[in-house]
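Asks: Sharing a structure here in structure tokens format.
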Amino acid sequence: MLLIHCPYCDETLPEAEFAYAGEAHVDRPADPMALSDDEWAAFLFIRSNPKGVHAERWRHVHGCARFFNAERDTVTDAFVSTYRAGEPRPGTKCSAGAPAGDDMKVAAE
Amino acid sequence: MSTHRIAGKGRFDHGGPVRFTFDGKRYEGRRGDTIASALLAHGVHLMGRSFKYHRPRGPVCAGTEEPNALVETSRGKGRFEPNTRATAQELREGLEVRSQNRIGSLAFDLQAVNDLVHPLFSAGFYYKTFMWPRSFWDRVYEPVIRRAAGLGRAPDAPDPDRYAHRNLHTELLVIGAGPAGLAAALAAARAGAEVTLVDEHAEMGGALLSDPDVVIDGKPAWDWLAAALAELDRLGVRRLTRTTAIGYYHQNFVGLCQKLTDHLDEPPEGAPRERMWHVRAVRVILAQGALEKPLVFDGNDRPGVMLAGAAQTYLNRYGVLVGDTPAIVTSHDSAYHAAFDLADAGAKVAAIVDVRAAPGEGVLVEARRRGIEVLTSHTVTGTNGRLRVKSLRVAPVSGGRVGAARTIACDCVLMCGGWTPSLHLFSHTKGTLKWDEALDAFLPDRSAEECHIAGAGRGLWGYGAALADGAEIGVTAARALGLDAEAAAPVVERDRTGTGETFKELPTDGDAGRKRAFVDFQNDVTAKDIRLAVKEGMRSIEHVKRYTTNGMATDQGKMSNVNGLMIASDAVGKAPPQVGLTTFRPPYTPTTFGAFAGYHRGRHFEVTRRTPIDPWAEAHGAAFEPVSLWRRAWYFPKAGEDMDAAVARECAATRGSVGIFDASTLGKIEVQGPDAVEFMNRMYTNPWTKLGIGRARYGLLLGEDGYIRDDGVIGRLGEDLFHVTTTTGGAARVLNMMEDYIQTEWPDLKVWLTSTTEQWATVALNGPNARRVLEPLVEGQDLSAEAFPHMSVAECTVAGFPARLFRISFTGELGFEINVPARHGLALWEALMKEGERYDICPYGTETMHVLRAEKGFIIVGQDTDGTVTPDDAGLSWAIGKKKADFVGMRSLRRPDLVAEGRKQLVGLMTEDGDVKLDEGAQVVADPEQALPMKMIGHVTSSYYSAALGRHFAMALVEGGRDLEGRDVFVPTPEGIRRATVTTTAFYDPAGERLKV
Ligand SMILES: [Zn+2]
């Protein structure tokens with residue numbers, strides 16, 4: 001049972017109050033109909049799946065019901081940070097093109 | 001009576017006897033005994049038969065790691081337990097104990113023939129022996145194995161005991177109350193820390209309980225222990241005995257299983273048998289000590305062969321001498337102390353056989369002083385004795401060569417192959433281990449949690465070292481909690497220090513292939529098996545483990561893992577860390593299902609949601625079915641009716657006059673705000689802008705992948721207010737999905753969602769007389785077809801209650817759905833029933849609802865769709881707003897796979913013979929003559945008897961189904977292949993005439 005910090009409630013609470021909601025920062029395209037089949041398929045299906053720090057979404061479903069973002073290490077399961085939806089990822093220091101796993105390693109250190 | 005109880009020895013008072021039986025024979029033990037210590041006091045070593053070879057076995061150890069002495073215990077029907085460890089279960093008055101895993105008597109087990117044919121059962125025997133012929137598996141091998149193998153019988157009655165759960169937050173959790181754990185708890189508690197100290201045994205003290213001669217701070221060990229426990233109590237330390245830390249999870253979350261009543265003669269009425277503690281600790285100290293390893297030699301499993309430390313525990317803690325003429329076989333100095341204690345208690349030590357060339361000088365002096373013969377650089381080449389060891393064959397080893405053997409008579413063999421730091425819980429946390437060359441042991445390396453390891457767990461040996469380390473670690477933990485702390489290590493005299501070596505199997509003289517040198521006692525794995533596994537290509541310890549089953553028994557290889565690794569690494573020719581160590585998993589020791597389940601059993605296993613009308617349904621004899629967490633009325637059988645008869649009657653009554661249905665479980669979401677219509681446009685496939693206030697529409701919700709997720713009727717009650725309904729099972733999912741888009745994709749939209757599922761009770765009235773029943777009860781709304789046409793919604797008063805009234809139909813009949821505040825639901829229902837009497841109003845359940853909707857071809861999401869069905873597949877293209885620029889899932893509807901030819905489409909199926917009911921899930925094929933396996937082109941999704949059609953009908957998803965209309969397909973069934981004609985899904989009143997009233 002993990003403890004998770006809800007950035008809206010500003011409390012650290014048991015995992016049972018939360019629900020996982022997939023990878024974070026996968027923005028829905030503004031005009032999906034303008035995308036090619038491949039681009040749309042990439043949005044639908046392709047996720048980073050890093051070994052290391054992963055930006056992901058959680059919902060405080062049995063609390064304030066807000067969706068928020070978190071950085072979590074997929075090796076240890078440990079949360080590195082949680083932050084509100086719409087806020088930039090704390091670890092996004094490196095160039096946007098770098099693989100998520102790598103740039104997060106820098107952020108975690 | 002007790003032939004081996006030593007006066008003046010042991011921890012507990014030697015007062016009143018405790019009577020128990022073993023295999024029907026009566027015995028007396030003493031208060032505080034375990035089953036094993038009480039039997040050993042009577043000279044009984046034979047306590048079980050081994051798993052595979054049915055070899056006679058006795059206890060090897062004196063703790064929970066016991067692999068052999070597993071017995072059945074019982075406290076009456078339902079309180080029968082297999083695989084109780086005789087070495088851990090405390091005696092209680094009247095305890096019934098039976099040996100297990102035998103056919104016949106324990107002394108003469110018919111299946112011991114397995115032992116004679118042991119070459120058949122070598123490593124990987126499951127994989128090799130039973131591979132061929134395939135047909136033998138079901139008929140011969142599996143039944144035989146199931147009967148022969150397995151450890152004990154399963155109980156055959158429900159467990160009547162209660163099991164408790166409790167949460168605990170603590171600053172410091174210390175696991176293990178041996179010297180290191182006690183010193184750590186003392187140091188931290190003295191500094192002011194809030195401490196919880198747990199130990200799996202009945203009393204605290206750990207190894208100190210077996211070593212009373214040690215002197216600590218000038219006091220005999222047991223006096224120091226008593227003082228330490230008293231001080232802990234004064235300091236307010238929470239002490240839990242009989243409490244096993246079974247698992248160590250993320251963020252210092254530790255599961256503790258506390259045994260509360262198994263040791264009591266008469267458990268208090270209603271007392272829980274066990275309590276599972278869910279502990280969240282700021283800091284954790286693991287002080288679990290070390291586990292003694294056996295030595296691996298031929299015949300090391302005979303009753304009477306046990307660990308030297310165990311013999312010492314039986315003597316000092318339980319006052320039981322395990323044998324009169326013990327022989328000691330060791331590679332560690334610690335076994336010498338066991339030999340000395342036994343000799344001082346009156347045993348005649350036959351010899352100490354030391355595998356090493358140079359034991360510690362101190363222990364050699366002590367052995368000489370007692371006149372005990374010590375044979376260094378010796379090996380054991382075998383043992384003798386059928387049900388109890390009688391002698392030991394030993395031989396000198398020089399330059400790798402085994403010399404001439406001699407036989408030493410003895411009545412027990414006490415072995416010690418060194419000690420393994422107990423790091424199971426550390427392993428649960430993904431803490432890493434590193435191999436220590438000097439100790440031949442894995443020691444803790446990097447920790448993934450806020451935890452510390454003290455004492456023997458990190459390779460320290462001797463009481464002085466353990467106490468000093470415990471105190472030091474206790475101080476470290478206290479400081480980490482922000483407290484001032486000073487370490488004060490106790491002064492230890494007459495310490496029992498020493499060193500040892502770790503060996504692979506001991507050298508032998510004869511044919512090693514014929515030797516039965518056991519590594520894993522519980523799974524009957526020998527050194528030869530492990531070498532064979534390596535020879536057959538296994539290189540990693542993980543493969544060796546699975547091939548031989550070494551370490552895979554319920555003891556998780558607490559004794560066998562390191563010995564197995566030493567042998568495997570020798571066979572592979574690599575250092576042990578290169579061959580690896582398997583990972584330990586929770587629970588640390590076998591744990592009852594009851595402790596995990598706790599209060600969550602029976603009706604408390606999960607919630608049962610009930611509608612406000614549920615009591616009426618129950619009072620009127622409804623049969624119920626679970627629908628997600630709801631309990632719903634399924635049908636209302638009259639006397640003598642089965643389900644089919646009841647449903648046929650309910651269907652006919654509804655279509656003929658009027659039926660009433662409790663639809664309260666429908667998901668309901670209030671969508672409100674200036675951007676509500678924009679939000680609806682983006683979420684649902686349908687266009688919402690032009691839906692007038694007071695009008696309703698069937699809404700279809702897709703996932704972003706274009707597949708149907710949910711549906712339901714949605715009414716517009718205002719410019720900025722929608723009453724959305726969802727499927728019963730989909731309510732929470734749909735709200736979650738909507739919230740997701742609002743919060744994270746379109747935070748600019750001014751729209752708010754509220755779940756109102758449980759706020760509204762919903763009653764559906766359907767049938768040609770529905771309006772006549774409803775009309776007299778309605779105020780504030782004209783129900784005429786002109787004023788309130790199909791797909792209308794209005795706020796009005798029904799039966800005196802404020803209501804949201806829909807005119808909609810899920811049956812094809814004139815239909816209304818009346819929503820009133822939940823607390824009025826039952827009264828509304830009763831008012832409608834009363835008003836409907838003159839029309840023979842018929843209450844119906846979910847089954848009739850399913851049939852009536854299927855007759856109209858209306859889908860049930862999740863039954864006629866499966867997460868891969870598009871609107872077009874389901875024949876719902878009409879529900880898509882053609883002029884919309886975007887909605888969730890819209891782009892996917894143009895993906896190549898979703899517009900490809902040959903997708904499965906929802907169609908009707910009419911069997912050639914209308915009396916034949918197709919099974920839901922049955923597969924559809926085009927050509928019944930094709931070779932097996934046939935190509936399946938679809939499956940039946942819904943299948944019912946229709947009273948209106950006078951026959952059975954079905955819906956199915958079939959490849960290119962709509963193009964097959966009028967053609968025949970085939971459905972293989974257990975009764976033969978059925979021919980069916982593909983039709984549309986509009987089975988009943990396709991023109992919808994019945995709504996036009
Ligand atoms: Zn929150």
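Within each chain, counting starts at residue 1; across the structure tokens, chains are named A, B, ... in the order shown, with ligands numbered 1 upward in that order.
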For ligand 1, collect every residue having any atom at a distance of at most 7 Å from a ligand atom (counting only C-alpha atoms and all ligand atoms); output as a ChimeraX atom specification.

Replies: /A:6-9,60,63-66

Asks: Could you turn the residues from that selection into a file that holds N, CA and C atoms, as an mmCIF file, in the first residue's frame?

Replies:
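Contents of the output file again_20.cif:
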data_model
loop_
_atom_site.group_PDB
_atom_site.id
_atom_site.type_symbol
_atom_site.label_atom_id
_atom_site.label_comp_id
_atom_site.auth_asym_id
_atom_site.auth_seq_id
_atom_site.Cartn_x
_atom_site.Cartn_y
_atom_site.Cartn_z
ATOM 1 N N CYS A 6 -1.627 14.014 -2.371
ATOM 2 C CA CYS A 6 -2.542 14.697 -3.288
ATOM 3 C C CYS A 6 -2.188 16.177 -3.303
ATOM 4 N N PRO A 7 -1.822 16.718 -4.462
ATOM 5 C CA PRO A 7 -1.402 18.117 -4.505
ATOM 6 C C PRO A 7 -2.570 19.087 -4.333
ATOM 7 N N TYR A 8 -3.784 18.615 -4.394
ATOM 8 C CA TYR A 8 -4.934 19.495 -4.159
ATOM 9 C C TYR A 8 -5.305 19.497 -2.677
ATOM 10 N N CYS A 9 -5.381 18.309 -2.091
ATOM 11 C CA CYS A 9 -5.692 18.222 -0.660
ATOM 12 C C CYS A 9 -4.475 18.577 0.189
ATOM 13 N N HIS A 60 -7.580 11.287 -7.239
ATOM 14 C CA HIS A 60 -7.928 11.127 -5.822
ATOM 15 C C HIS A 60 -9.421 10.825 -5.762
ATOM 16 N N GLY A 63 -11.460 10.977 -2.620
ATOM 17 C CA GLY A 63 -11.142 12.161 -1.835
ATOM 18 C C GLY A 63 -11.707 13.364 -2.552
ATOM 19 N N CYS A 64 -10.817 14.229 -3.054
ATOM 20 C CA CYS A 64 -11.286 15.443 -3.717
ATOM 21 C C CYS A 64 -11.703 15.195 -5.159
ATOM 22 N N ALA A 65 -11.448 13.982 -5.651
ATOM 23 C CA ALA A 65 -11.868 13.576 -7.000
ATOM 24 C C ALA A 65 -11.084 14.268 -8.113
ATOM 25 N N ARG A 66 -9.981 14.932 -7.766
ATOM 26 C CA ARG A 66 -9.208 15.617 -8.788
ATOM 27 C C ARG A 66 -8.188 14.686 -9.437
#

Asks: I'd like the neighbourhood of stretch 240-253 of chain B as a ChimeraX atom specification, where a residue qualifies if any of its atoms comes within 6 Å (using only C-alpha atoms), though same-chain residues fewer than 6 positions away should be ignored.

Replies: /A:2 /B:198-202,259,279-281,425,428-429,586-588

Asks: For A:Asn49, which of A:Asp31, A:Thr82, A:Ala24, A:Pro88 is the closest residue, counting only C-alpha atoms?

Replies: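 Closest candidate: A:Ala24.
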
Asks: I need the chain B residues near chain A as a list in words; criterion: at most 9 Å, counting only C-alpha atoms.

Replies: Tyr249, His250, Gln251, Phe253, Thr429, Lys430, Ala448, Glu704, Asp705, Asn736, Glu739, Asp740, Gln743, Thr744, Glu745, Ala885, Asp886, Met890, Arg891, Ser892, Arg894, Arg895 and Pro896 of chain B

Asks: If you keep N, CA and C atoms, can you produce a file of those selected residues as a compact mmCIF listing (two decimals), in the first residue's frame?

Replies:
# COMPACT_ATOMS: atom_id res chain seq x y z
N TYR B 249 6.17 -4.15 2.91
CA TYR B 249 5.75 -3.54 1.65
C TYR B 249 6.23 -2.09 1.58
N HIS B 250 5.78 -1.41 0.53
CA HIS B 250 6.26 -0.05 0.28
C HIS B 250 6.05 0.89 1.45
N GLN B 251 6.97 1.80 1.56
CA GLN B 251 6.88 2.91 2.52
C GLN B 251 6.63 2.39 3.94
N PHE B 253 5.37 -0.22 5.19
CA PHE B 253 4.09 -0.85 5.51
C PHE B 253 4.37 -2.33 5.78
N THR B 429 11.36 -5.99 0.35
CA THR B 429 11.39 -4.56 0.01
C THR B 429 12.24 -4.28 -1.21
N LYS B 430 12.74 -5.32 -1.86
CA LYS B 430 13.69 -5.16 -2.96
C LYS B 430 15.02 -4.60 -2.47
N ALA B 448 15.87 -0.25 0.17
CA ALA B 448 14.91 0.56 -0.58
C ALA B 448 13.94 1.26 0.36
N GLU B 704 -11.92 6.89 -26.88
CA GLU B 704 -11.15 7.61 -27.89
C GLU B 704 -10.76 6.66 -29.02
N ASP B 705 -10.82 5.35 -28.75
CA ASP B 705 -10.49 4.36 -29.78
C ASP B 705 -11.65 4.06 -30.71
N ASN B 736 -16.16 9.03 -14.29
CA ASN B 736 -14.70 9.16 -14.24
C ASN B 736 -14.17 9.66 -15.58
N GLU B 739 -15.16 13.35 -16.04
CA GLU B 739 -14.33 14.19 -15.17
C GLU B 739 -12.92 14.33 -15.73
N ASP B 740 -12.42 13.22 -16.25
CA ASP B 740 -11.08 13.24 -16.83
C ASP B 740 -10.99 14.31 -17.93
N GLN B 743 -11.44 17.90 -16.42
CA GLN B 743 -10.34 18.39 -15.59
C GLN B 743 -9.04 18.53 -16.35
N THR B 744 -8.81 17.64 -17.31
CA THR B 744 -7.46 17.61 -17.88
C THR B 744 -7.39 18.01 -19.35
N GLU B 745 -8.46 17.86 -20.12
CA GLU B 745 -8.38 18.24 -21.53
C GLU B 745 -9.06 19.59 -21.79
N ALA B 885 -17.64 18.33 -35.79
CA ALA B 885 -16.22 18.42 -36.14
C ALA B 885 -15.39 17.47 -35.30
N ASP B 886 -15.89 17.19 -34.11
CA ASP B 886 -15.10 16.35 -33.21
C ASP B 886 -15.99 15.84 -32.09
N MET B 890 -14.26 10.12 -32.41
CA MET B 890 -14.65 10.37 -33.80
C MET B 890 -13.53 10.06 -34.79
N ARG B 891 -12.32 10.53 -34.45
CA ARG B 891 -11.21 10.32 -35.39
C ARG B 891 -10.96 8.82 -35.62
N SER B 892 -11.17 8.04 -34.56
CA SER B 892 -10.89 6.61 -34.70
C SER B 892 -11.85 5.92 -35.65
N ARG B 894 -12.47 6.59 -38.44
CA ARG B 894 -11.92 6.56 -39.80
C ARG B 894 -10.64 5.75 -39.89
N ARG B 895 -10.24 5.15 -38.77
CA ARG B 895 -9.02 4.33 -38.82
C ARG B 895 -9.25 3.16 -39.78
N PRO B 896 -8.19 2.75 -40.51
CA PRO B 896 -8.36 1.71 -41.53
C PRO B 896 -9.04 0.45 -40.99

Asks: Could you pull the residues within 12 Å of B:Lys883, counting only C-alpha atoms, minus those fewer than 5 positions along the same chain, as a ChimeraX atom specification?

Replies: /B:681,685-689,890

Asks: Export all heavy atoms of the chosen residues as a JSON list (two decimals), in the first residue's frame?

Replies:
[["chain", "number", "residue", "atom", "x", "y", "z"],
["B", 681, "ASN", "N", -21.67, 17.80, -26.57],
["B", 681, "ASN", "CA", -21.29, 17.63, -27.97],
["B", 681, "ASN", "C", -19.92, 16.95, -28.10],
["B", 681, "ASN", "O", -19.70, 16.14, -29.00],
["B", 681, "ASN", "CB", -21.24, 18.97, -28.68],
["B", 681, "ASN", "CG", -22.63, 19.43, -29.11],
["B", 681, "ASN", "OD1", -23.50, 18.60, -29.36],
["B", 681, "ASN", "ND2", -22.82, 20.74, -29.19],
["B", 685, "THR", "N", -21.52, 10.97, -29.19],
["B", 685, "THR", "CA", -21.49, 10.97, -30.66],
["B", 685, "THR", "C", -22.60, 11.85, -31.23],
["B", 685, "THR", "O", -22.47, 12.37, -32.33],
["B", 685, "THR", "CB", -21.71, 9.55, -31.21],
["B", 685, "THR", "OG1", -23.00, 9.08, -30.83],
["B", 685, "THR", "CG2", -20.65, 8.58, -30.69],
["B", 686, "ASN", "N", -23.68, 12.02, -30.47],
["B", 686, "ASN", "CA", -24.88, 12.67, -31.00],
["B", 686, "ASN", "C", -24.74, 14.20, -30.98],
["B", 686, "ASN", "O", -23.96, 14.73, -30.20],
["B", 686, "ASN", "CB", -26.09, 12.31, -30.14],
["B", 686, "ASN", "CG", -26.06, 10.86, -29.68],
["B", 686, "ASN", "OD1", -25.18, 10.48, -28.93],
["B", 686, "ASN", "ND2", -27.00, 10.07, -30.14],
["B", 687, "PRO", "N", -25.53, 14.88, -31.79],
["B", 687, "PRO", "CA", -25.58, 16.34, -31.71],
["B", 687, "PRO", "C", -26.54, 16.77, -30.61],
["B", 687, "PRO", "O", -27.62, 16.20, -30.47],
["B", 687, "PRO", "CB", -26.11, 16.74, -33.09],
["B", 687, "PRO", "CG", -26.94, 15.57, -33.54],
["B", 687, "PRO", "CD", -26.37, 14.34, -32.88],
["B", 688, "TRP", "N", -26.17, 17.75, -29.83],
["B", 688, "TRP", "CA", -26.98, 18.14, -28.68],
["B", 688, "TRP", "C", -27.48, 19.58, -28.78],
["B", 688, "TRP", "O", -28.42, 19.96, -28.10],
["B", 688, "TRP", "CB", -26.19, 17.95, -27.38],
["B", 688, "TRP", "CG", -25.82, 16.52, -27.20],
["B", 688, "TRP", "CD1", -24.66, 15.92, -27.56],
["B", 688, "TRP", "CD2", -26.67, 15.48, -26.72],
["B", 688, "TRP", "NE1", -24.70, 14.58, -27.31],
["B", 688, "TRP", "CE2", -25.94, 14.26, -26.78],
["B", 688, "TRP", "CE3", -27.99, 15.44, -26.24],
["B", 688, "TRP", "CZ2", -26.47, 13.04, -26.39],
["B", 688, "TRP", "CZ3", -28.50, 14.21, -25.82],
["B", 688, "TRP", "CH2", -27.76, 13.03, -25.91],
["B", 689, "THR", "N", -26.83, 20.37, -29.65],
["B", 689, "THR", "CA", -27.15, 21.80, -29.68],
["B", 689, "THR", "C", -28.63, 22.04, -29.94],
["B", 689, "THR", "O", -29.25, 22.89, -29.32],
["B", 689, "THR", "CB", -26.30, 22.48, -30.77],
["B", 689, "THR", "OG1", -24.94, 22.07, -30.58],
["B", 689, "THR", "CG2", -26.40, 23.99, -30.68],
["B", 890, "MET", "N", -14.26, 10.12, -32.41],
["B", 890, "MET", "CA", -14.65, 10.37, -33.80],
["B", 890, "MET", "C", -13.53, 10.06, -34.79],
["B", 890, "MET", "O", -13.75, 9.41, -35.81],
["B", 890, "MET", "CB", -15.08, 11.82, -33.95],
["B", 890, "MET", "CG", -15.52, 12.17, -35.37],
["B", 890, "MET", "SD", -16.11, 13.86, -35.45],
["B", 890, "MET", "CE", -16.41, 14.01, -37.20]]

Asks: Hey, what's within 8 Å of stretch 92-100 of chain B if we count only C-alpha atoms and toss same-chain stuff fewer than 6 positions away? As a ChimeraX atom specification, please?

Replies: /B:18-24,31,47-49,70-75,106,151-153,262-265

Asks: From a DSSP pass on the backbone, collect the residues of stretch 368-515 of chain B flagged as alpha helix (DSSP H) and hand them back as a list in words.

Replies: Arg368, Arg369, His424, Leu425, Phe426, Ser427, His428, Tyr463, Gly464, Ala465, Ala466, Leu467, Ala468, Asp469, Gly470, Ala471, Glu472, Ile473, Gly474, Val475, Thr476, Ala477, Ala478, Arg479 and Ala480 of chain B

Asks: I want to know what sits within 12 Å of B:Val237, based on only C-alpha atoms, with residues of the same chain fewer than 5 positions away left out; could you give that as a ChimeraX atom specification?

Replies: /B:170-174,182,184-198,228-232

Asks: Write the residues of the selection above to a file with C-alpha atoms, as a tab-separated table (two decimals), in the first residue's frame.

Replies:
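Contents of selection.tsv, as written:
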chain	number	residue	atom	x	y	z
B	170	THR	CA	4.15	3.70	14.96
B	171	GLU	CA	7.42	5.64	15.00
B	172	LEU	CA	9.64	2.61	15.22
B	173	LEU	CA	8.79	-0.99	14.50
B	174	VAL	CA	11.37	-3.50	15.72
B	182	LEU	CA	15.77	-5.91	22.53
B	184	ALA	CA	17.53	-1.61	19.74
B	185	ALA	CA	14.08	-1.21	21.28
B	186	LEU	CA	15.63	-0.26	24.63
B	187	ALA	CA	17.97	2.32	23.12
B	188	ALA	CA	15.22	3.94	21.03
B	189	ALA	CA	12.60	3.86	23.79
B	190	ARG	CA	15.03	5.35	26.28
B	191	ALA	CA	15.52	8.21	23.84
B	192	GLY	CA	11.76	8.77	23.85
B	193	ALA	CA	10.78	7.01	20.64
B	194	GLU	CA	7.35	5.43	20.34
B	195	VAL	CA	8.31	1.79	19.74
B	196	THR	CA	6.51	-1.38	18.72
B	197	LEU	CA	8.43	-4.62	19.28
B	198	VAL	CA	7.18	-7.87	17.79
B	228	ALA	CA	14.91	-5.57	29.91
B	229	LEU	CA	11.30	-6.57	29.24
B	230	ALA	CA	10.17	-4.83	32.41
B	231	GLU	CA	11.98	-1.68	31.36
B	232	LEU	CA	10.42	-1.82	27.90

Asks: Could you tell me how far atom CA of B:Glu90 lies from atom CA of B:Val329, in Å and to one decimal?

Replies: 29.1 Å
